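Content type compact mmCIF, C-alpha atoms and all ligand atoms, from the file entry-v5.txt:
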# COMPACT_ATOMS: atom_id res chain seq x y z
CA MET B 1 25.97 5.78 18.10
CA LYS B 2 25.18 6.39 14.46
CA VAL B 3 21.95 6.28 12.50
CA LEU B 4 21.39 6.20 8.74
CA ILE B 5 18.32 8.02 7.42
CA THR B 6 17.55 7.51 3.76
CA ARG B 7 15.39 10.63 3.16
CA ARG B 8 14.54 13.93 4.83
CA LEU B 9 11.07 13.32 6.28
CA PRO B 10 8.13 15.71 6.65
CA GLY B 11 8.18 17.54 9.96
CA ASP B 12 11.96 17.32 10.44
CA TYR B 13 11.50 14.57 13.03
CA HIS B 14 15.00 13.36 12.32
CA LYS B 15 16.15 16.28 14.48
CA LEU B 16 14.92 14.26 17.47
CA VAL B 17 17.46 11.63 16.52
CA ALA B 18 20.20 14.24 16.16
CA LYS B 19 19.99 15.04 19.87
CA ASP B 20 21.71 11.81 20.84
CA TYR B 21 22.97 10.20 17.68
CA GLU B 22 25.17 11.06 14.78
CA ILE B 23 23.05 11.08 11.63
CA ILE B 24 24.09 10.07 8.15
CA LEU B 25 21.37 11.51 5.95
CA TRP B 26 20.78 10.85 2.26
CA ASP B 27 19.86 14.44 1.57
CA LYS B 28 18.74 14.17 -2.04
CA ASP B 29 15.20 14.24 -3.27
CA GLU B 30 15.45 10.81 -4.86
CA VAL B 31 15.65 7.19 -3.79
CA VAL B 32 18.87 6.46 -1.92
CA SER B 33 21.52 4.93 -4.16
CA ARG B 34 22.44 1.33 -3.54
CA GLU B 35 26.08 2.38 -3.29
CA PHE B 36 25.39 4.92 -0.54
CA LEU B 37 23.28 2.38 1.33
CA LEU B 38 25.92 -0.35 1.17
CA ASP B 39 28.74 2.03 2.10
CA ASN B 40 27.01 3.60 5.04
CA ILE B 41 25.22 0.66 6.62
CA ARG B 42 28.54 -0.74 7.86
CA ASP B 43 28.89 0.97 11.20
CA VAL B 44 25.42 2.36 11.97
CA ASP B 45 23.32 1.16 14.89
CA GLY B 46 20.02 1.90 13.21
CA ILE B 47 18.54 2.72 9.83
CA LEU B 48 15.36 4.64 9.08
CA CYS B 49 14.43 3.68 5.54
CA LEU B 50 11.66 3.98 2.97
CA LEU B 51 9.63 1.33 1.18
CA THR B 52 11.73 2.03 -1.90
CA ASP B 53 14.95 0.88 -0.17
CA LYS B 54 15.69 -2.81 -0.56
CA ILE B 55 17.07 -4.01 2.75
CA ASP B 56 18.06 -7.48 1.66
CA LYS B 57 20.68 -10.01 2.70
CA GLU B 58 23.45 -8.10 0.94
CA VAL B 59 22.70 -4.91 2.88
CA ILE B 60 22.18 -6.70 6.19
CA ASP B 61 25.44 -8.64 5.74
CA LYS B 62 27.36 -5.40 5.36
CA ALA B 63 26.01 -4.10 8.68
CA ASN B 64 28.31 -4.81 11.60
CA LYS B 65 26.29 -3.38 14.48
CA LEU B 66 22.75 -2.81 13.15
CA LYS B 67 20.07 -3.17 15.86
CA VAL B 68 17.02 -1.77 14.14
CA ILE B 69 15.51 -1.27 10.70
CA SER B 70 12.74 1.31 11.05
CA ASN B 71 10.60 1.34 7.92
CA TYR B 72 8.71 4.53 7.08
CA ALA B 73 5.69 2.53 5.85
CA VAL B 74 3.20 -0.02 7.02
CA GLY B 75 4.25 -2.50 4.30
CA PHE B 76 7.64 -4.12 4.81
CA ASP B 77 8.07 -6.31 1.73
CA ASN B 78 11.23 -4.28 0.94
CA ILE B 79 12.95 -5.89 3.93
CA ASP B 80 14.21 -9.45 4.29
CA VAL B 81 12.57 -9.88 7.68
CA GLU B 82 13.54 -13.55 8.06
CA TYR B 83 17.18 -12.70 7.53
CA ALA B 84 16.93 -9.75 9.92
CA ILE B 85 15.55 -12.14 12.53
CA SER B 86 18.47 -14.50 12.02
CA ARG B 87 20.78 -11.56 12.71
CA GLY B 88 18.81 -10.38 15.76
CA ILE B 89 17.75 -7.10 14.11
CA VAL B 90 14.41 -5.55 15.03
CA VAL B 91 12.22 -4.45 12.09
CA THR B 92 9.59 -1.80 12.77
CA ASN B 93 6.84 -0.18 10.70
CA THR B 94 4.13 2.50 10.92
CA PRO B 95 0.68 0.90 10.88
CA GLY B 96 -2.48 2.54 12.16
CA VAL B 97 -1.73 6.18 11.42
CA LEU B 98 -2.12 5.84 7.67
CA THR B 99 -5.23 3.67 7.65
CA GLU B 100 -7.90 6.34 7.11
CA THR B 101 -5.86 8.40 4.65
CA SER B 102 -5.14 5.30 2.58
CA ALA B 103 -8.82 4.27 2.65
CA ASP B 104 -9.79 7.75 1.42
CA LEU B 105 -7.54 7.26 -1.58
CA VAL B 106 -9.09 3.88 -2.37
CA TRP B 107 -12.40 5.70 -2.65
CA ALA B 108 -10.87 8.46 -4.77
CA LEU B 109 -9.74 5.73 -7.18
CA ILE B 110 -13.08 3.93 -7.08
CA LEU B 111 -14.97 7.11 -7.89
CA SER B 112 -12.57 8.30 -10.54
CA SER B 113 -12.22 4.97 -12.32
CA ARG B 114 -16.00 4.30 -12.38
CA ARG B 115 -16.96 7.81 -13.53
CA HIS B 116 -14.16 8.88 -15.92
CA ILE B 117 -13.19 11.78 -13.65
CA VAL B 118 -9.64 12.11 -14.97
CA SER B 119 -10.51 11.80 -18.67
CA ALA B 120 -13.47 14.15 -18.31
CA ASP B 121 -11.33 16.82 -16.65
CA LYS B 122 -8.76 16.51 -19.44
CA PHE B 123 -11.51 16.65 -22.09
CA LEU B 124 -12.86 19.89 -20.66
CA ARG B 125 -9.45 21.53 -20.34
CA GLU B 126 -8.78 20.66 -23.97
CA GLY B 127 -11.81 22.78 -24.91
CA LYS B 128 -13.85 19.80 -26.07
CA PHE B 129 -16.93 20.44 -23.92
CA LYS B 130 -19.54 21.71 -26.36
CA GLY B 131 -22.66 21.23 -24.24
CA TRP B 132 -24.51 18.66 -22.18
CA ASP B 133 -24.58 15.32 -23.90
CA PRO B 134 -26.71 12.32 -22.88
CA ASN B 135 -23.89 9.98 -23.89
CA LEU B 136 -20.90 11.85 -22.55
CA PHE B 137 -18.58 9.89 -20.24
CA LEU B 138 -21.03 7.26 -19.11
CA GLY B 139 -19.72 5.22 -16.21
CA TYR B 140 -21.16 2.71 -13.80
CA ASP B 141 -22.84 3.31 -10.47
CA ILE B 142 -21.18 2.78 -7.15
CA TYR B 143 -24.24 3.34 -5.00
CA SER B 144 -25.99 0.08 -4.03
CA LYS B 145 -23.44 -2.12 -5.83
CA THR B 146 -21.29 -4.89 -4.39
CA LEU B 147 -17.85 -4.06 -3.04
CA GLY B 148 -15.37 -6.93 -2.75
CA ILE B 149 -12.45 -6.33 -0.43
CA ILE B 150 -9.38 -8.50 -0.74
CA GLY B 151 -7.62 -8.31 2.62
CA LEU B 152 -9.76 -7.21 5.54
CA GLY B 153 -6.96 -5.74 7.64
CA ARG B 154 -6.86 -2.19 8.97
CA ILE B 155 -7.12 -0.47 5.59
CA GLY B 156 -9.59 -2.99 4.14
CA THR B 157 -11.83 -2.43 7.17
CA ALA B 158 -11.62 1.37 6.78
CA VAL B 159 -12.58 0.96 3.10
CA ALA B 160 -15.56 -1.17 4.15
CA LYS B 161 -16.76 1.45 6.66
CA ARG B 162 -16.95 4.05 3.91
CA ALA B 163 -19.10 1.71 1.76
CA LYS B 164 -21.92 2.18 4.25
CA GLY B 165 -22.51 5.69 2.91
CA PHE B 166 -22.92 4.24 -0.57
CA ASP B 167 -25.44 1.66 0.60
CA MET B 168 -23.33 -1.14 -0.79
CA LYS B 169 -23.25 -4.83 -0.17
CA VAL B 170 -19.78 -5.64 1.15
CA ILE B 171 -18.05 -9.00 0.80
CA TYR B 172 -14.42 -9.86 1.53
CA TYR B 173 -11.74 -12.43 0.95
CA ASN B 174 -8.96 -12.91 3.44
CA LYS B 175 -6.40 -15.65 4.08
CA SER B 176 -8.82 -16.77 6.77
CA PRO B 177 -12.25 -15.37 7.71
CA LYS B 178 -12.26 -12.54 10.26
CA PRO B 179 -15.34 -12.97 12.47
CA GLU B 180 -14.14 -10.33 14.95
CA THR B 181 -13.86 -7.68 12.25
CA GLU B 182 -17.26 -8.74 10.89
CA GLN B 183 -18.75 -8.26 14.36
CA TYR B 184 -17.00 -4.92 14.83
CA LEU B 185 -18.39 -3.59 11.55
CA LEU B 186 -21.86 -4.85 12.38
CA LYS B 187 -21.88 -3.45 15.90
CA GLU B 188 -20.17 -0.12 15.28
CA TYR B 189 -21.38 0.67 11.76
CA ASN B 190 -24.40 -1.54 11.31
CA LEU B 191 -22.58 -2.94 8.29
CA LYS B 192 -22.87 -6.60 7.36
CA VAL B 193 -19.71 -7.92 5.76
CA GLU B 194 -19.63 -11.48 4.42
CA TYR B 195 -16.71 -13.78 3.72
CA ARG B 196 -16.25 -15.30 0.24
CA ASP B 197 -13.57 -17.44 -1.35
CA LEU B 198 -11.54 -15.48 -3.90
CA GLU B 199 -13.29 -16.86 -6.98
CA SER B 200 -16.78 -16.09 -5.63
CA LEU B 201 -15.71 -12.60 -4.58
CA LEU B 202 -14.39 -11.84 -8.06
CA LYS B 203 -17.55 -13.13 -9.70
CA GLU B 204 -19.94 -11.25 -7.42
CA SER B 205 -18.25 -7.87 -7.01
CA ASP B 206 -18.87 -4.72 -9.03
CA ILE B 207 -15.82 -3.14 -7.46
CA VAL B 208 -12.81 -5.03 -6.11
CA SER B 209 -10.40 -3.30 -3.77
CA ILE B 210 -7.03 -4.91 -3.04
CA ASN B 211 -5.83 -4.21 0.48
CA THR B 212 -3.58 -7.11 1.25
CA PRO B 213 0.14 -7.06 2.09
CA LEU B 214 2.56 -8.48 -0.47
CA ASN B 215 3.98 -11.85 0.50
CA LYS B 216 4.48 -15.24 -1.11
CA ASP B 217 0.75 -16.00 -0.85
CA THR B 218 -0.41 -12.76 -2.45
CA TYR B 219 2.24 -12.41 -5.19
CA HIS B 220 0.32 -12.54 -8.51
CA LEU B 221 -2.90 -13.33 -6.69
CA ILE B 222 -4.72 -11.66 -9.57
CA THR B 223 -3.94 -13.10 -13.00
CA TYR B 224 -5.75 -13.10 -16.34
CA GLU B 225 -7.65 -16.22 -15.30
CA LYS B 226 -8.88 -14.44 -12.17
CA LEU B 227 -9.76 -11.25 -14.05
CA LYS B 228 -11.80 -13.37 -16.45
CA LEU B 229 -14.08 -14.26 -13.56
CA MET B 230 -15.04 -10.61 -13.01
CA LYS B 231 -18.06 -8.87 -14.49
CA ARG B 232 -17.46 -6.92 -17.68
CA THR B 233 -18.85 -3.88 -15.86
CA ALA B 234 -16.52 -4.29 -12.88
CA THR B 235 -13.64 -2.17 -11.61
CA ILE B 236 -10.51 -3.30 -9.81
CA VAL B 237 -8.52 -0.96 -7.58
CA ASN B 238 -5.06 -1.71 -6.21
CA THR B 239 -3.52 0.54 -3.57
CA ALA B 240 -1.63 -2.22 -1.75
CA ARG B 241 1.43 -3.47 -3.64
CA GLY B 242 1.85 -3.77 -7.41
CA PRO B 243 2.97 -7.40 -7.65
CA VAL B 244 -0.34 -8.61 -6.17
CA ILE B 245 -1.66 -8.16 -9.72
CA LYS B 246 0.19 -9.63 -12.69
CA GLU B 247 0.39 -6.34 -14.54
CA ASP B 248 0.66 -7.74 -18.09
CA ASP B 249 -2.52 -9.72 -17.45
CA LEU B 250 -4.34 -6.64 -16.24
CA VAL B 251 -3.30 -4.73 -19.37
CA ARG B 252 -4.67 -7.57 -21.49
CA ALA B 253 -7.94 -7.64 -19.56
CA LEU B 254 -8.39 -3.87 -19.86
CA LYS B 255 -7.60 -3.93 -23.58
CA GLU B 256 -10.02 -6.77 -24.22
CA GLY B 257 -12.74 -5.05 -22.19
CA LEU B 258 -12.87 -8.03 -19.86
CA ILE B 259 -13.47 -5.54 -17.06
CA PHE B 260 -14.72 -1.96 -17.20
CA SER B 261 -11.87 -0.16 -15.49
CA ALA B 262 -9.03 -0.14 -13.01
CA GLY B 263 -7.50 2.29 -10.55
CA LEU B 264 -3.86 1.79 -9.60
CA ASP B 265 -1.72 3.52 -7.01
CA VAL B 266 0.97 0.83 -7.12
CA PHE B 267 2.77 -1.05 -9.90
CA GLU B 268 4.46 -4.38 -10.35
CA PHE B 269 7.83 -2.86 -11.30
CA GLU B 270 7.45 0.45 -9.50
CA PRO B 271 8.47 3.17 -10.28
CA GLN B 272 8.29 1.81 -13.84
CA VAL B 273 4.78 1.73 -15.22
CA ASN B 274 3.85 -0.64 -18.01
CA LYS B 275 3.89 1.52 -21.17
CA GLU B 276 0.65 -0.01 -22.40
CA LEU B 277 -1.16 1.12 -19.27
CA LEU B 278 -0.22 4.69 -20.11
CA GLU B 279 -2.08 4.36 -23.41
CA LEU B 280 -5.33 3.11 -21.91
CA ASP B 281 -8.13 5.43 -20.86
CA ASN B 282 -9.98 2.86 -18.75
CA VAL B 283 -7.39 3.02 -16.00
CA VAL B 284 -6.54 5.77 -13.52
CA LEU B 285 -2.86 5.82 -12.56
CA LEU B 286 -1.38 7.41 -9.44
CA PRO B 287 2.23 7.57 -8.20
CA HIS B 288 1.85 5.62 -4.91
CA ILE B 289 0.22 8.42 -2.92
CA GLY B 290 -2.13 6.37 -0.71
CA SER B 291 -0.85 7.82 2.56
CA ALA B 292 0.12 11.19 1.14
CA SER B 293 -1.60 13.73 3.36
CA PHE B 294 0.33 16.31 5.34
CA GLU B 295 -1.11 14.99 8.60
CA THR B 296 -0.41 11.33 7.93
CA ARG B 297 3.09 11.66 6.54
CA GLN B 298 4.06 13.65 9.65
CA LYS B 299 2.56 11.05 11.96
CA MET B 300 4.42 8.30 10.07
CA ALA B 301 7.67 10.21 10.57
CA GLU B 302 6.98 10.61 14.27
CA ILE B 303 6.32 6.89 14.68
CA ALA B 304 9.26 5.77 12.55
CA VAL B 305 11.63 8.00 14.54
CA ASN B 306 10.21 6.84 17.86
CA ASN B 307 10.42 3.19 16.83
CA LEU B 308 14.07 3.70 15.94
CA LEU B 309 14.93 5.51 19.18
CA LEU B 310 13.08 3.05 21.41
CA VAL B 311 14.96 0.05 20.03
CA LEU B 312 18.28 1.89 20.32
CA GLN B 313 17.40 2.58 23.95
CA ASN B 314 16.68 -1.14 24.46
CA LYS B 315 12.95 -0.52 24.78
CA GLU B 316 9.99 -2.03 22.98
CA PRO B 317 9.12 -0.08 19.80
CA LEU B 318 5.61 1.27 19.25
CA TYR B 319 5.08 -1.06 16.27
CA SER B 320 7.26 -3.88 15.13
CA VAL B 321 7.20 -6.76 12.72
CA ASN B 322 9.45 -9.15 14.63
CA TYR B 323 10.17 -7.73 18.12
CA HIS B 324 8.28 -10.43 20.04
CA GLN B 325 9.64 -13.19 17.83
CA LEU B 326 13.16 -12.02 18.61
CA LYS B 327 12.45 -11.65 22.31
CA ASN B 328 10.99 -15.13 22.51
CA ALA B 329 14.00 -16.52 20.68
CA ILE B 330 16.33 -14.92 23.24
CA LEU B 331 14.35 -16.06 26.32
C1 LIG L 401 2.86 1.88 3.10
O1 LIG L 401 3.02 2.51 4.15
O2 LIG L 401 3.15 0.68 3.02
C2 LIG L 401 2.26 2.60 1.94
O3 LIG L 401 2.36 1.89 0.78
C3 LIG L 401 2.87 3.97 1.78
O4 LIG L 401 2.39 4.75 2.79

Taking this structure as input, can you express it in the form of structure tokens?
Ligand code: DGY
Amino acid sequence: MKVLITRRLPGDYHKLVAKDYEIILWDKDEVVSREFLLDNIRDVDGILCLLTDKIDKEVIDKANKLKVISNYAVGFDNIDVEYAISRGIVVTNTPGVLTETSADLVWALILSSRRHIVSADKFLREGKFKGWDPNLFLGYDIYSKTLGIIGLGRIGTAVAKRAKGFDMKVIYYNKSPKPETEQYLLKEYNLKVEYRDLESLLKESDIVSINTPLNKDTYHLITYEKLKLMKRTATIVNTARGPVIKEDDLVRALKEGLIFSAGLDVFEFEPQVNKELLELDNVVLLPHIGSASFETRQKMAEIAVNNLLLVLQNKEPLYSVNYHQLKNAIL
């Protein structure tokens, strides 16, 4: 059996695969080329891919014996899951292990985009610090303010937990209210989290954190009209997927001072970043590093490899997007 792996992963977990399977590895330090993907998908039994690899109908149609698409990410918007289902292919992902690391980064972005951390560091390195100044780099408080979480899933919940230390009021918007998560946060963390519709959340929050997956309901969830509802002193942070925010609209809002600041780890046309964003100093920009800790990236590799191997051995993967759907369809 053959397996296609589209990048060398931290921890060399792909060696586990090599014990029993022939590996075709894209061994360059860049996103796999479409050509290589299309050429090599033909006769592999499994693929371990990254969120940057578009596994669409064209790729799936080229595959003659593909049983599993193991995504090295929790998000799976790079994969045409519906089409994979129609072809009986299992799609797996790596939730859970990256939750806390990703939530840490949300807070790094909140802190840095409210308190000018990046610009202030640059200012100092450029030799511009001439002494304490009552008006230097004034930002807005985080402590005791209102945090609005869009998407109270695993990562959104981990972001909420951390707000306790900042004595914040926490509200959330989700496709539907999540009373069980509300109870969990109350019981385990003594943290009251209240549901709001999207408009109310945007109006009330001082800081908005986007933690929702990208799908047809969340594509361009945040537009200029929505940003207009926010406070002029507010910050929006997106570590989920770029297209949840209409990027041109965010640029306009930041330029017009409609909101105070933004922190972005993801972009609508990633890896391209809107040139105008690069010119603005009220936004902190990161290259999609939410889960980038040594520990977490290794755990993700371990899970992605195990998911792949389990499906190839006709067993249930640790985490999957469509395994039960496929099983039910067969029964
Ligand atoms: C994911 O897993 O979906 C993140 O965006 C990268 O870790």

Tell me, as a compact mmCIF listing (two decimals) with C-alpha atoms, keeping the file's coordinate frame, which residues lie within 10 Å of Leu221 (chain B), counting all atoms listed in the file; anything in the same chain fewer than 4 positions away does not count.
# COMPACT_ATOMS: atom_id res chain seq x y z
CA LEU B 198 -11.54 -15.48 -3.90
CA LEU B 214 2.56 -8.48 -0.47
CA LYS B 216 4.48 -15.24 -1.11
CA ASP B 217 0.75 -16.00 -0.85
CA LYS B 226 -8.88 -14.44 -12.17
CA PRO B 243 2.97 -7.40 -7.65
CA VAL B 244 -0.34 -8.61 -6.17
CA ILE B 245 -1.66 -8.16 -9.72
CA LYS B 246 0.19 -9.63 -12.69

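Considering only C-alpha atoms and all ligand atoms, the residue among B:Ile303, B:Val74, B:Leu66, B:Ile60 positioned nearest to ligand LIG 401 (chain L) is B:Val74.
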
Exercise. CA of Asn274 (chain B) and CA of Phe76 (chain B), how far apart in Å?
Worked result: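 Going from CA of Phe76 (chain B) over to CA of Asn274 (chain B) covers 23.4 Å.
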
For this session: Provide the CA of Glu295 (chain B) to CA of Arg8 (chain B) distance in Å, to one decimal place.
Result: 16.1 Å

Exercise. Once you count all atoms listed in the file, which residues end up within 8 Å of ligand LIG 401 (chain L), and could you hand them over as a ChimeraX atom specification?
Worked result: /B:51,72-76,94-95,98,102,239-241,288-292,297

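Proximity ranking of B:Val91, B:Val118, B:Val81, B:Ala63 relative to Pro317 (chain B) places B:Val91 first, based on only C-alpha atoms.
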
With all atoms listed in the file as the counted atoms, please give the residues lying no more than 7 Å from Tyr319 (chain B), apart from itself and same-chain residues fewer than 5 positions off, as an mmCIF file with C-alpha atoms, in the frame of the given file.
data_model
loop_
_atom_site.group_PDB
_atom_site.id
_atom_site.type_symbol
_atom_site.label_atom_id
_atom_site.label_comp_id
_atom_site.auth_asym_id
_atom_site.auth_seq_id
_atom_site.Cartn_x
_atom_site.Cartn_y
_atom_site.Cartn_z
ATOM 1 C CA THR B 92 9.590 -1.800 12.770
ATOM 2 C CA ASN B 93 6.840 -0.180 10.700
ATOM 3 C CA THR B 94 4.130 2.500 10.920
ATOM 4 C CA ASN B 307 10.420 3.190 16.830
#

Exercise. Which distance in Å separates CA of Asp249 (chain B) and CA of Leu277 (chain B), to one decimal?
Worked result: 11.1 Å

For this session: List every protein, DNA or RNA residue with an atom no more than 12 Å from (12.9, 13.1, -6.1) in the file's coordinates, counting only C-alpha atoms, and format the result as a PyMOL selection string.
Result: chain B and resi 7-8+26-32+52+271

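Of the listed residues (B:Val59, B:Ala253, B:Val90, B:Leu147), B:Ala253 comes nearest to Lys228 (chain B); the distances count all atoms listed in the file.
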
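By only C-alpha atoms, and with residues fewer than 4 positions from region 130-138 of chain B along its chain excluded, the set lying at most 10 Å from it is Arg114, Arg115, His116, Ile117, Ser119, Ala120, Phe123 and Leu124 of chain B.
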
For this session: Please return, as a ChimeraX atom specification, all polymer residues that have at least one atom within 10 Å of the point (-14.1, -0.5, 0.5); use all atoms listed in the file and the file's own coordinate frame.
Result: /B:103-104,106-107,110,146-150,152,155-164,168,170-172,207-211,237

Exercise. Which is closest to Val305 (chain B) among B:Lys65, B:Ser70, B:Tyr140, B:Lys128, if we use only C-alpha atoms?
Worked result: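 Among B:Lys65, B:Ser70, B:Tyr140, B:Lys128, it is B:Ser70 that comes nearest to Val305 (chain B).
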
Given 4 Å on each side, where is the centre and what are the edge lengths in Å to one decimal of the axis-aligned box enclosing the listed atoms of region 172-178 of chain B, as JSON?
{"center_x": -10.4, "center_y": -13.3, "center_z": 5.6, "size_x": 16.0, "size_y": 14.9, "size_z": 17.3}

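Across B:Ala108, B:Leu278, B:Leu309, B:Ile222, the tightest approach to Val3 (chain B) is made by B:Leu309 when counting all atoms listed in the file.
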
Exercise. Looking at B:Leu201, B:Val321, B:Val273, B:Ile41, which one is nearest to Ile79 (chain B), with distances taken over all atoms listed in the file?
Worked result: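 Among B:Leu201, B:Val321, B:Val273, B:Ile41, it is B:Val321 that comes nearest to Ile79 (chain B).
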
Exercise. Got a sec: who's within 12 Å of Glu58 (chain B), counting only C-alpha atoms, leaving out chain neighbours fewer than 4 positions off, as a list of chain:residue names?
Worked result: B:Arg34, B:Glu35, B:Leu37, B:Leu38, B:Asp39, B:Ile41, B:Arg42, B:Lys54, B:Lys62, B:Ala63, B:Ile79, B:Asp80, B:Tyr83, B:Ala84
